[in-house]
Every structure is written in C-alpha cells, then in structure tokens.
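Participant: The structure file input_18.cif (mmCIF, C-alpha atoms and all ligand atoms) is provided below.
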data_entry
loop_
_atom_site.group_PDB
_atom_site.id
_atom_site.type_symbol
_atom_site.label_atom_id
_atom_site.label_comp_id
_atom_site.auth_asym_id
_atom_site.auth_seq_id
_atom_site.Cartn_x
_atom_site.Cartn_y
_atom_site.Cartn_z
ATOM 1 C CA MET A 12 19.798 -30.500 -10.801
ATOM 2 C CA PHE A 13 19.763 -27.130 -9.038
ATOM 3 C CA ALA A 14 20.811 -26.889 -5.415
ATOM 4 C CA LEU A 15 21.462 -23.947 -3.124
ATOM 5 C CA PRO A 16 24.024 -24.750 -0.418
ATOM 6 C CA LEU A 17 22.823 -23.265 2.900
ATOM 7 C CA THR A 18 25.618 -24.644 5.054
ATOM 8 C CA GLU A 19 28.376 -27.199 4.570
ATOM 9 C CA ASP A 20 25.838 -29.947 5.308
ATOM 10 C CA VAL A 21 22.556 -28.533 4.038
ATOM 11 C CA GLU A 22 21.191 -27.902 0.551
ATOM 12 C CA LEU A 23 17.904 -26.412 -0.594
ATOM 13 C CA ARG A 24 16.569 -27.993 -3.783
ATOM 14 C CA PRO A 25 13.286 -27.957 -5.716
ATOM 15 C CA LEU A 26 11.022 -30.680 -4.330
ATOM 16 C CA ASP A 27 9.553 -31.917 -7.595
ATOM 17 C CA PRO A 28 6.983 -34.708 -8.002
ATOM 18 C CA TRP A 29 9.657 -37.201 -9.084
ATOM 19 C CA ARG A 30 11.047 -36.910 -5.543
ATOM 20 C CA ALA A 31 7.853 -38.488 -4.132
ATOM 21 C CA GLU A 32 9.645 -41.552 -2.763
ATOM 22 C CA GLU A 33 12.137 -39.468 -0.787
ATOM 23 C CA PHE A 34 9.325 -37.170 0.334
ATOM 24 C CA LEU A 35 7.274 -40.104 1.607
ATOM 25 C CA ALA A 36 10.300 -41.472 3.489
ATOM 26 C CA ASN A 37 10.767 -38.046 5.085
ATOM 27 C CA LEU A 38 7.065 -37.896 6.022
ATOM 28 C CA ASP A 39 7.272 -41.394 7.507
ATOM 29 C CA ARG A 40 10.072 -40.198 9.800
ATOM 30 C CA ALA A 41 8.309 -36.886 10.530
ATOM 31 C CA ARG A 42 4.656 -38.000 10.640
ATOM 32 C CA GLU A 43 4.013 -38.070 14.402
ATOM 33 C CA HIS A 44 5.994 -34.903 14.885
ATOM 34 C CA ILE A 45 4.344 -32.720 12.243
ATOM 35 C CA GLN A 46 0.812 -34.140 12.169
ATOM 36 C CA PRO A 47 -0.539 -31.866 14.922
ATOM 37 C CA TRP A 48 0.715 -28.759 13.160
ATOM 38 C CA VAL A 49 0.326 -29.086 9.403
ATOM 39 C CA ALA A 50 -2.681 -29.672 7.120
ATOM 40 C CA SER A 51 -3.675 -33.339 7.077
ATOM 41 C CA SER A 52 -3.721 -33.219 3.255
ATOM 42 C CA PHE A 53 0.058 -32.573 3.362
ATOM 43 C CA VAL A 54 0.944 -35.632 5.430
ATOM 44 C CA ALA A 55 0.719 -38.215 2.641
ATOM 45 C CA THR A 56 0.541 -41.879 3.605
ATOM 46 C CA ASP A 57 1.532 -43.647 0.405
ATOM 47 C CA LEU A 58 3.395 -43.017 -2.831
ATOM 48 C CA PRO A 59 0.422 -41.838 -4.928
ATOM 49 C CA SER A 60 -0.683 -39.357 -2.269
ATOM 50 C CA ALA A 61 2.924 -38.154 -1.756
ATOM 51 C CA ARG A 62 3.226 -37.600 -5.504
ATOM 52 C CA ALA A 63 -0.147 -35.814 -5.493
ATOM 53 C CA VAL A 64 1.023 -33.383 -2.770
ATOM 54 C CA LEU A 65 4.157 -32.524 -4.752
ATOM 55 C CA GLN A 66 2.156 -32.278 -7.977
ATOM 56 C CA ARG A 67 -0.222 -29.780 -6.320
ATOM 57 C CA TYR A 68 2.797 -27.644 -5.398
ATOM 58 C CA ALA A 69 4.285 -28.056 -8.888
ATOM 59 C CA ASP A 70 0.988 -26.854 -10.357
ATOM 60 C CA ARG A 71 0.978 -23.888 -7.985
ATOM 61 C CA TRP A 72 4.547 -23.057 -8.987
ATOM 62 C CA ALA A 73 3.579 -23.253 -12.663
ATOM 63 C CA SER A 74 0.645 -20.903 -12.062
ATOM 64 C CA ASP A 75 2.707 -18.615 -9.801
ATOM 65 C CA SER A 76 0.530 -19.365 -6.783
ATOM 66 C CA GLY A 77 2.877 -21.375 -4.516
ATOM 67 C CA GLY A 78 5.935 -23.617 -4.445
ATOM 68 C CA ILE A 79 7.920 -26.102 -2.362
ATOM 69 C CA TRP A 80 11.623 -26.758 -1.763
ATOM 70 C CA GLY A 81 13.280 -29.556 0.165
ATOM 71 C CA LEU A 82 16.081 -29.406 2.710
ATOM 72 C CA TRP A 83 18.732 -32.068 2.204
ATOM 73 C CA TRP A 84 20.888 -32.551 5.241
ATOM 74 C CA ARG A 85 23.999 -34.642 4.477
ATOM 75 C CA GLY A 86 22.233 -36.005 1.398
ATOM 76 C CA THR A 87 18.922 -36.938 3.037
ATOM 77 C CA LEU A 88 15.675 -35.055 2.558
ATOM 78 C CA VAL A 89 14.774 -33.978 6.107
ATOM 79 C CA GLY A 90 12.174 -31.254 5.614
ATOM 80 C CA GLY A 91 11.401 -28.227 3.562
ATOM 81 C CA VAL A 92 9.860 -24.845 3.068
ATOM 82 C CA MET A 93 6.955 -23.731 0.930
ATOM 83 C CA PHE A 94 4.734 -20.962 -0.247
ATOM 84 C CA VAL A 95 1.377 -22.278 0.865
ATOM 85 C CA SER A 96 -0.077 -19.457 -1.178
ATOM 86 C CA PHE A 97 1.478 -16.779 -3.369
ATOM 87 C CA ASP A 98 -0.317 -13.863 -4.994
ATOM 88 C CA ALA A 99 2.033 -11.455 -6.751
ATOM 89 C CA THR A 100 -0.872 -9.252 -7.858
ATOM 90 C CA LEU A 101 -2.064 -8.694 -4.302
ATOM 91 C CA GLY A 102 1.535 -8.757 -3.033
ATOM 92 C CA VAL A 103 0.776 -11.354 -0.350
ATOM 93 C CA CYS A 104 2.144 -14.824 0.301
ATOM 94 C CA GLU A 105 2.060 -17.389 3.096
ATOM 95 C CA VAL A 106 5.150 -19.338 4.088
ATOM 96 C CA GLY A 107 5.249 -22.772 5.719
ATOM 97 C CA CYS A 108 7.907 -25.294 6.758
ATOM 98 C CA TRP A 109 8.545 -28.645 8.384
ATOM 99 C CA VAL A 110 11.487 -30.732 9.492
ATOM 100 C CA GLU A 111 11.837 -34.267 10.804
ATOM 101 C CA PRO A 112 12.794 -34.730 14.468
ATOM 102 C CA ALA A 113 16.441 -35.738 13.880
ATOM 103 C CA ALA A 114 17.069 -32.481 12.011
ATOM 104 C CA GLN A 115 15.101 -30.182 14.310
ATOM 105 C CA GLY A 116 16.994 -27.848 16.612
ATOM 106 C CA ARG A 117 19.980 -27.544 14.245
ATOM 107 C CA GLY A 118 19.124 -24.160 12.820
ATOM 108 C CA ILE A 119 18.632 -25.465 9.284
ATOM 109 C CA VAL A 120 15.038 -24.361 8.662
ATOM 110 C CA ALA A 121 15.494 -20.668 9.414
ATOM 111 C CA PRO A 122 17.995 -19.955 6.585
ATOM 112 C CA ALA A 123 15.760 -21.759 4.101
ATOM 113 C CA VAL A 124 12.710 -19.718 5.104
ATOM 114 C CA ARG A 125 14.840 -16.589 5.030
ATOM 115 C CA ARG A 126 15.914 -17.444 1.483
ATOM 116 C CA ILE A 127 12.389 -17.826 0.089
ATOM 117 C CA ILE A 128 11.096 -14.720 1.889
ATOM 118 C CA ASP A 129 14.033 -12.774 0.499
ATOM 119 C CA TRP A 130 13.202 -13.983 -2.995
ATOM 120 C CA ALA A 131 9.510 -13.120 -2.564
ATOM 121 C CA VAL A 132 10.236 -9.611 -1.327
ATOM 122 C CA ARG A 133 13.238 -8.676 -3.459
ATOM 123 C CA GLU A 134 12.513 -10.402 -6.740
ATOM 124 C CA ARG A 135 8.722 -10.656 -6.767
ATOM 125 C CA GLY A 136 7.673 -7.490 -4.999
ATOM 126 C CA ILE A 137 5.699 -9.254 -2.291
ATOM 127 C CA GLN A 138 4.630 -6.677 0.308
ATOM 128 C CA ARG A 139 3.269 -8.903 3.050
ATOM 129 C CA VAL A 140 4.559 -12.337 4.065
ATOM 130 C CA GLU A 141 2.253 -14.308 6.334
ATOM 131 C CA TRP A 142 2.888 -17.142 8.753
ATOM 132 C CA ARG A 143 -0.138 -18.948 10.155
ATOM 133 C CA THR A 144 0.305 -21.211 13.126
ATOM 134 C CA SER A 145 -1.643 -22.840 15.901
ATOM 135 C CA ALA A 146 -1.256 -20.795 19.079
ATOM 136 C CA ASP A 147 0.099 -23.982 20.759
ATOM 137 C CA ASN A 148 2.944 -24.390 18.264
ATOM 138 C CA THR A 149 5.757 -22.965 20.364
ATOM 139 C CA ARG A 150 8.584 -23.894 17.974
ATOM 140 C CA SER A 151 6.824 -22.437 14.958
ATOM 141 C CA LYS A 152 6.146 -19.179 16.797
ATOM 142 C CA ALA A 153 9.754 -19.028 18.016
ATOM 143 C CA LEU A 154 10.975 -19.440 14.445
ATOM 144 C CA ALA A 155 8.598 -16.759 13.141
ATOM 145 C CA GLY A 156 9.863 -14.384 15.833
ATOM 146 C CA ARG A 157 13.533 -15.145 15.075
ATOM 147 C CA LEU A 158 12.879 -14.369 11.421
ATOM 148 C CA GLY A 159 11.505 -10.960 12.333
ATOM 149 C CA LEU A 160 7.810 -11.625 11.797
ATOM 150 C CA ARG A 161 5.387 -10.287 14.342
ATOM 151 C CA LEU A 162 2.013 -11.328 15.603
ATOM 152 C CA ASP A 163 -0.897 -9.602 13.849
ATOM 153 C CA GLY A 164 -3.556 -11.318 15.891
ATOM 154 C CA THR A 165 -5.353 -14.534 16.753
ATOM 155 C CA LEU A 166 -8.283 -16.090 14.920
ATOM 156 C CA ARG A 167 -9.893 -17.693 17.938
ATOM 157 C CA GLN A 168 -11.264 -21.253 17.773
ATOM 158 C CA LEU A 169 -11.011 -21.228 13.978
ATOM 159 C CA TYR A 170 -11.436 -24.952 13.392
ATOM 160 C CA PRO A 171 -11.744 -28.217 15.321
ATOM 161 C CA GLY A 172 -8.544 -29.974 16.440
ATOM 162 C CA PRO A 173 -7.821 -33.226 18.288
ATOM 163 C CA ARG A 174 -7.759 -31.399 21.641
ATOM 164 C CA GLY A 175 -10.520 -28.869 21.078
ATOM 165 C CA ARG A 176 -10.855 -25.970 18.681
ATOM 166 C CA ILE A 177 -7.679 -24.345 17.361
ATOM 167 C CA ASP A 178 -6.706 -20.745 17.976
ATOM 168 C CA LEU A 179 -4.799 -19.714 14.846
ATOM 169 C CA GLU A 180 -2.171 -16.998 15.127
ATOM 170 C CA VAL A 181 -1.405 -14.862 12.078
ATOM 171 C CA TRP A 182 2.140 -13.485 11.991
ATOM 172 C CA SER A 183 3.544 -11.275 9.249
ATOM 173 C CA VAL A 184 6.442 -9.236 8.020
ATOM 174 C CA LEU A 185 6.046 -6.365 5.568
ATOM 175 C CA ALA A 186 8.518 -5.716 2.755
ATOM 176 C CA ASP A 187 9.831 -2.497 4.334
ATOM 177 C CA GLU A 188 10.415 -4.240 7.647
ATOM 178 C CA TRP A 189 12.120 -7.191 5.972
ATOM 179 C CA LEU A 190 14.464 -5.017 3.947
ATOM 180 C CA ALA A 191 15.291 -2.811 6.943
ATOM 181 C CA ALA A 192 16.059 -5.678 9.308
ATOM 182 C CA PRO A 193 19.547 -7.192 9.495
ATOM 183 C CA THR A 194 18.059 -10.693 9.125
ATOM 184 C CA GLY A 195 16.141 -9.623 6.056
ATOM 185 C CA SER A 196 19.014 -7.914 4.366
ATOM 186 C CA SER A 197 20.955 -11.030 3.569
ATOM 187 C CA PRO A 198 20.362 -14.726 2.974
ATOM 188 C CA THR A 199 23.570 -15.388 4.941
ATOM 189 C CA VAL A 200 23.344 -18.443 7.150
ATOM 190 C CA HIS A 201 25.153 -19.600 10.278
HETATM 191 C C1 LIG B 1 8.664 -25.324 13.195
HETATM 192 C C2 LIG B 1 9.956 -26.100 12.920
HETATM 193 C C3 LIG B 1 10.190 -26.192 11.417
HETATM 194 C C4 LIG B 1 11.132 -25.351 13.597
HETATM 195 O O1 LIG B 1 12.318 -26.105 13.438
HETATM 196 P P1 LIG B 1 13.669 -25.640 14.208
HETATM 197 O O2 LIG B 1 14.694 -26.655 13.948
HETATM 198 O O3 LIG B 1 13.333 -25.310 15.623
HETATM 199 O O4 LIG B 1 13.988 -24.285 13.450
HETATM 200 P P2 LIG B 1 15.351 -23.490 13.225
HETATM 201 O O5 LIG B 1 15.950 -23.833 11.933
HETATM 202 O O6 LIG B 1 15.040 -22.046 13.428
HETATM 203 O O7 LIG B 1 16.303 -23.988 14.360
HETATM 204 C C5 LIG B 1 16.342 -23.342 15.592
HETATM 205 C C6 LIG B 1 16.847 -24.309 16.612
HETATM 206 O O8 LIG B 1 18.135 -24.801 16.202
HETATM 207 C C7 LIG B 1 19.113 -24.502 17.217
HETATM 208 N N1 LIG B 1 20.398 -24.330 16.529
HETATM 209 C C8 LIG B 1 21.390 -25.239 16.540
HETATM 210 N N2 LIG B 1 22.412 -24.815 15.781
HETATM 211 C C9 LIG B 1 22.051 -23.610 15.273
HETATM 212 C C10 LIG B 1 22.690 -22.678 14.422
HETATM 213 N N3 LIG B 1 23.916 -22.910 13.939
HETATM 214 N N4 LIG B 1 22.024 -21.562 14.095
HETATM 215 C C11 LIG B 1 20.793 -21.315 14.559
HETATM 216 N N5 LIG B 1 20.133 -22.157 15.399
HETATM 217 C C12 LIG B 1 20.764 -23.306 15.735
HETATM 218 C C13 LIG B 1 18.544 -23.314 17.949
HETATM 219 O O9 LIG B 1 19.077 -23.206 19.245
HETATM 220 C C14 LIG B 1 17.055 -23.681 17.975
HETATM 221 O O10 LIG B 1 16.803 -24.732 18.870
HETATM 222 P P3 LIG B 1 16.083 -24.467 20.291
HETATM 223 O O11 LIG B 1 14.781 -23.787 19.971
HETATM 224 O O12 LIG B 1 15.924 -25.844 20.824
HETATM 225 O O13 LIG B 1 17.031 -23.586 21.033
HETATM 226 C C15 LIG B 1 9.902 -27.546 13.503
HETATM 227 O O14 LIG B 1 9.709 -27.469 14.892
HETATM 228 C C16 LIG B 1 8.781 -28.402 12.901
HETATM 229 O O15 LIG B 1 8.962 -29.014 11.853
HETATM 230 N N6 LIG B 1 7.632 -28.476 13.579
HETATM 231 C C17 LIG B 1 6.513 -29.299 13.090
HETATM 232 C C18 LIG B 1 5.888 -28.730 11.834
HETATM 233 C C19 LIG B 1 5.479 -27.286 12.024
HETATM 234 O O16 LIG B 1 5.049 -26.879 13.090
HETATM 235 N N7 LIG B 1 5.591 -26.496 10.951
HETATM 236 C C20 LIG B 1 5.237 -25.091 10.986
HETATM 237 C C21 LIG B 1 3.775 -24.960 10.790
HETATM 238 S S1 LIG B 1 3.289 -23.236 10.919
#
Would you put the structure from the file into structure tokens?
Ligand SMILES: CC(C)(COP(=O)(O)OP(=O)(O)OC[C@H]1O[C@@H](n2cnc3c(N)ncnc32)[C@H](O)[C@@H]1OP(=O)(O)O)[C@@H](O)C(=O)NCCC(=O)NCCS
Facilitator:
Amino acid sequence: MFALPLTEDVELRPLDPWRAEEFLANLDRAREHIQPWVASSFVATDLPSARAVLQRYADRWASDSGGIWGLWWRGTLVGGVMFVSFDATLGVCEVGCWVEPAAQGRGIVAPAVRRIIDWAVRERGIQRVEWRTSADNTRSKALAGRLGLRLDGTLRQLYPGPRGRIDLEVWSVLADEWLAAPTGSSPTVH
C-alpha cells in the first residue's frame, strides 16, 4: 500500500508477512549468493519459514526493536534492508541488507540503506548505527564505506564458519557524522 520510489525502477516497501511467497521466491534466487554472509535463520527454505522470518521482523517493528523493507526492482522483489536490532532508548541500531545476484551492482541497495539510516538518525534520535560483517565480505564492506560508516574494529574468530572461524568487523556511523556528511544529509538517490 505504501511505497517509496528510490529511482524510476526501484521502490522500497514494507516487507510484511503476507509477502512471504514473494520473499521466498527472492530467497530462492538469492540463496547461494547470500548464504555465506547472512544468518542461516534468515535464509528460509519454505513458505512457513519465510512467513516466520517476516513475522519476527513484524513483531520487532511492533515492539520498536527492528524492521524490514523490500526492494522492488521493476515490480519484482529483489532484496531489502532491515534493522537487525533497534534500541531507541540506548540510541543504537544495526542495519543489514541483501540483494539477489541479478540486481547486485546496480546501485539500488545503497539508497535504501541511506533512507533507513536517515530515518533512524533524524526521526528516532539514534546516535550510533552499526554494520556487522564478515571480514571476507568485500561487497558489504565496500557498501558500508560508501555510506560513510567506518571500521570500529574486528571481533576475531567470533564464531565457526564453513571455511574456519569468522572474523567479524564492526562498522559504525555516529549521528553527528551522518548529519555532517553530504551522503547523510539527503536521501537523494542516483
Ligand atoms: C552487500 C550487497 C547488498 C551490496 O550490493 P551492491 O549492489 O554492491 O550495493 P550498491 O547498491 O551499493 O551498489 C553498488 C554497485 O552498483 C554499481 N552501480 C551501478 N549503477 C549505479 C548507480 N547508478 N549508482 C551507484 N552505484 C551503481 C556500483 O558501481 C557498484 O558496483 P561495483 O562494486 O561492482 O562497482 C550485496 O553484495 C549482497 O547482497 N551480498 C550478499 C548479502 C550480504 O552480504 N549482505 C550484507 C551482510 S552484512
């Protein structure tokens, strides 16, 4: 019902539980590509588990502790952005994102992330936005850097992964930095 046009071809919309079928289709196209980088609990394999993922985010949105939005590219759900966590009292949130291979490298994720960070900082008073990524995730780190986040540090060998233990990088941007930066000052997209 509500959609935010990001470009001529791309819209950001709430990714509600009733969208589970579209979400599962997106995950089926994205599965191999995102599996190494996102929580396994996110990569649903059937309709009930897809609905459960979206319901968890809907519950977080209702309790002001997270949220998820989808990216529709020419009418197809191709990825999205989320608050993995959101704590307005502490003033801290964590942002995440994904996109299926056909829509990667088109510059459509960055404006969506920019939009939700802008909302968190400007409307909700969030002071610190975090981005947590495997140290091997070159594209994720490139995106964080383009958005103006910077590396706080690395939690070394934090948990086991398919190719050995994962070094997790924590990136962040603070409200003052976001508001001072040209990229943070406007949700304008390319
Ligand atoms: C991380 C991820 C979302 C980044 O997607 P992305 O498409 O690279 O992100 P952006 O929206 O910033 O797009 C930038 C790319 O679009 C290109 N691009 C094309 N047209 C563009 C435009 N008009 N404006 C900006 N960039 C554009 C850029 O050159 C860049 O591609 P390049 O790195 O090959 O040069 C994606 O790689 C992904 O889903 N990975 C798997 C899941 C994951 O790791 N999630 C994050 C967990 S922390």
Participant: Could the centre and edge lengths of an axis-aligned box, enclosing all atoms of ligand LIG 1 (chain B) in the file with 3 Å extra on each side, be given in Å to one decimal as lines of an AutoDock Vina configuration file?
Facilitator:
center_x = 13.6
center_y = -25.3
center_z = 15.9
size_x = 26.6
size_y = 14.0
size_z = 16.2
Participant: What do you get as an MDAnalysis selection string if you pick all residues at most 6 Å from ligand LIG 1 (chain B), counting all atoms listed in the file?
Facilitator: chainID A and resid 44:45 48:49 107:110 115:121 143:144 150:151 154 201
Participant: Since I can't run it myself right now, could you work out what the PyMOL selection byres (((chain A and resi 62) around 8) and not hetatm) selects here and report it as a list of chain:residue names?
Facilitator: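 What the PyMOL selection byres (((chain A and resi 62) around 8) and not hetatm) grabs from the file is A:Pro28, A:Trp29, A:Arg30, A:Ala31, A:Leu58, A:Pro59, A:Ser60, A:Ala61, A:Ala63, A:Val64, A:Leu65, A:Gln66.
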Participant: Quick one: apply the PyMOL selection byres (((chain A and resi 89) around 12) and not hetatm) to the file and drop the selected residues here as a PyMOL selection string.
Facilitator: chain A and resi 20-24+26+33-42+80-88+90-92+108-115+117+119-120
Participant: List the residues sitting within 10 Å of (8.5, -12.4, 1.4) in the file's frame, using all atoms listed in the file, as a PDB file with C-alpha atoms, keeping the file's coordinate frame.
Facilitator:
ATOM      1  CA  PHE A  94       4.734 -20.962  -0.247  1.00  0.00           C
ATOM      2  CA  PHE A  97       1.478 -16.779  -3.369  1.00  0.00           C
ATOM      3  CA  GLY A 102       1.535  -8.757  -3.033  1.00  0.00           C
ATOM      4  CA  VAL A 103       0.776 -11.354  -0.350  1.00  0.00           C
ATOM      5  CA  CYS A 104       2.144 -14.824   0.301  1.00  0.00           C
ATOM      6  CA  GLU A 105       2.060 -17.389   3.096  1.00  0.00           C
ATOM      7  CA  VAL A 106       5.150 -19.338   4.088  1.00  0.00           C
ATOM      8  CA  VAL A 124      12.710 -19.718   5.104  1.00  0.00           C
ATOM      9  CA  ARG A 125      14.840 -16.589   5.030  1.00  0.00           C
ATOM     10  CA  ARG A 126      15.914 -17.444   1.483  1.00  0.00           C
ATOM     11  CA  ILE A 127      12.389 -17.826   0.089  1.00  0.00           C
ATOM     12  CA  ILE A 128      11.096 -14.720   1.889  1.00  0.00           C
ATOM     13  CA  ASP A 129      14.033 -12.774   0.499  1.00  0.00           C
ATOM     14  CA  TRP A 130      13.202 -13.983  -2.995  1.00  0.00           C
ATOM     15  CA  ALA A 131       9.510 -13.120  -2.564  1.00  0.00           C
ATOM     16  CA  VAL A 132      10.236  -9.611  -1.327  1.00  0.00           C
ATOM     17  CA  ARG A 133      13.238  -8.676  -3.459  1.00  0.00           C
ATOM     18  CA  GLU A 134      12.513 -10.402  -6.740  1.00  0.00           C
ATOM     19  CA  ARG A 135       8.722 -10.656  -6.767  1.00  0.00           C
ATOM     20  CA  GLY A 136       7.673  -7.490  -4.999  1.00  0.00           C
ATOM     21  CA  ILE A 137       5.699  -9.254  -2.291  1.00  0.00           C
ATOM     22  CA  GLN A 138       4.630  -6.677   0.308  1.00  0.00           C
ATOM     23  CA  ARG A 139       3.269  -8.903   3.050  1.00  0.00           C
ATOM     24  CA  VAL A 140       4.559 -12.337   4.065  1.00  0.00           C
ATOM     25  CA  GLU A 141       2.253 -14.308   6.334  1.00  0.00           C
ATOM     26  CA  SER A 183       3.544 -11.275   9.249  1.00  0.00           C
ATOM     27  CA  VAL A 184       6.442  -9.236   8.020  1.00  0.00           C
ATOM     28  CA  LEU A 185       6.046  -6.365   5.568  1.00  0.00           C
ATOM     29  CA  ALA A 186       8.518  -5.716   2.755  1.00  0.00           C
ATOM     30  CA  TRP A 189      12.120  -7.191   5.972  1.00  0.00           C
ATOM     31  CA  LEU A 190      14.464  -5.017   3.947  1.00  0.00           C
ATOM     32  CA  GLY A 195      16.141  -9.623   6.056  1.00  0.00           C
TER      33      GLY A 195
END
Participant: What is the CA of Arg176 (chain A) to CA of Ala50 (chain A) distance in Å?
Facilitator: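 That distance, rounded to one decimal, is 14.6 Å.
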Participant: With the PyMOL selection byres (((chain A and resi 166) around 8) and not hetatm) as the selection, what would be picked from this file? Answer as a PyMOL selection string, please.
Facilitator: chain A and resi 164-165+167-169+178-181
Participant: Could you jot down the CA of Thr149 (chain A) to CA of Pro173 (chain A) separation for me, Å, one decimal place?
Facilitator: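 Computed distance, CA of Thr149 (chain A) to CA of Pro173 (chain A), equals 17.1 Å.
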Participant: Report, in Å with one decimal, the straight-line distance from CA of Arg71 (chain A) to CA of Ala123 (chain A).
Facilitator: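 Between these atoms lies a distance of 19.2 Å.
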Participant: Given only C-alpha atoms as the basis, pick out the residue of A:Val95, A:Ile79, A:Leu158, A:Met12 nearest to Pro122 (chain A).
Facilitator: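 Closest to Pro122 (chain A) of all the choices is A:Leu158.
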Participant: With only C-alpha atoms as the atoms that count, which of A:Leu15, A:Asp57, A:Gln46, A:Pro25 lies nearest to Gly78 (chain A)?
Facilitator: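 Of A:Leu15, A:Asp57, A:Gln46, A:Pro25, the one nearest Gly78 (chain A) is A:Pro25, counting only C-alpha atoms.
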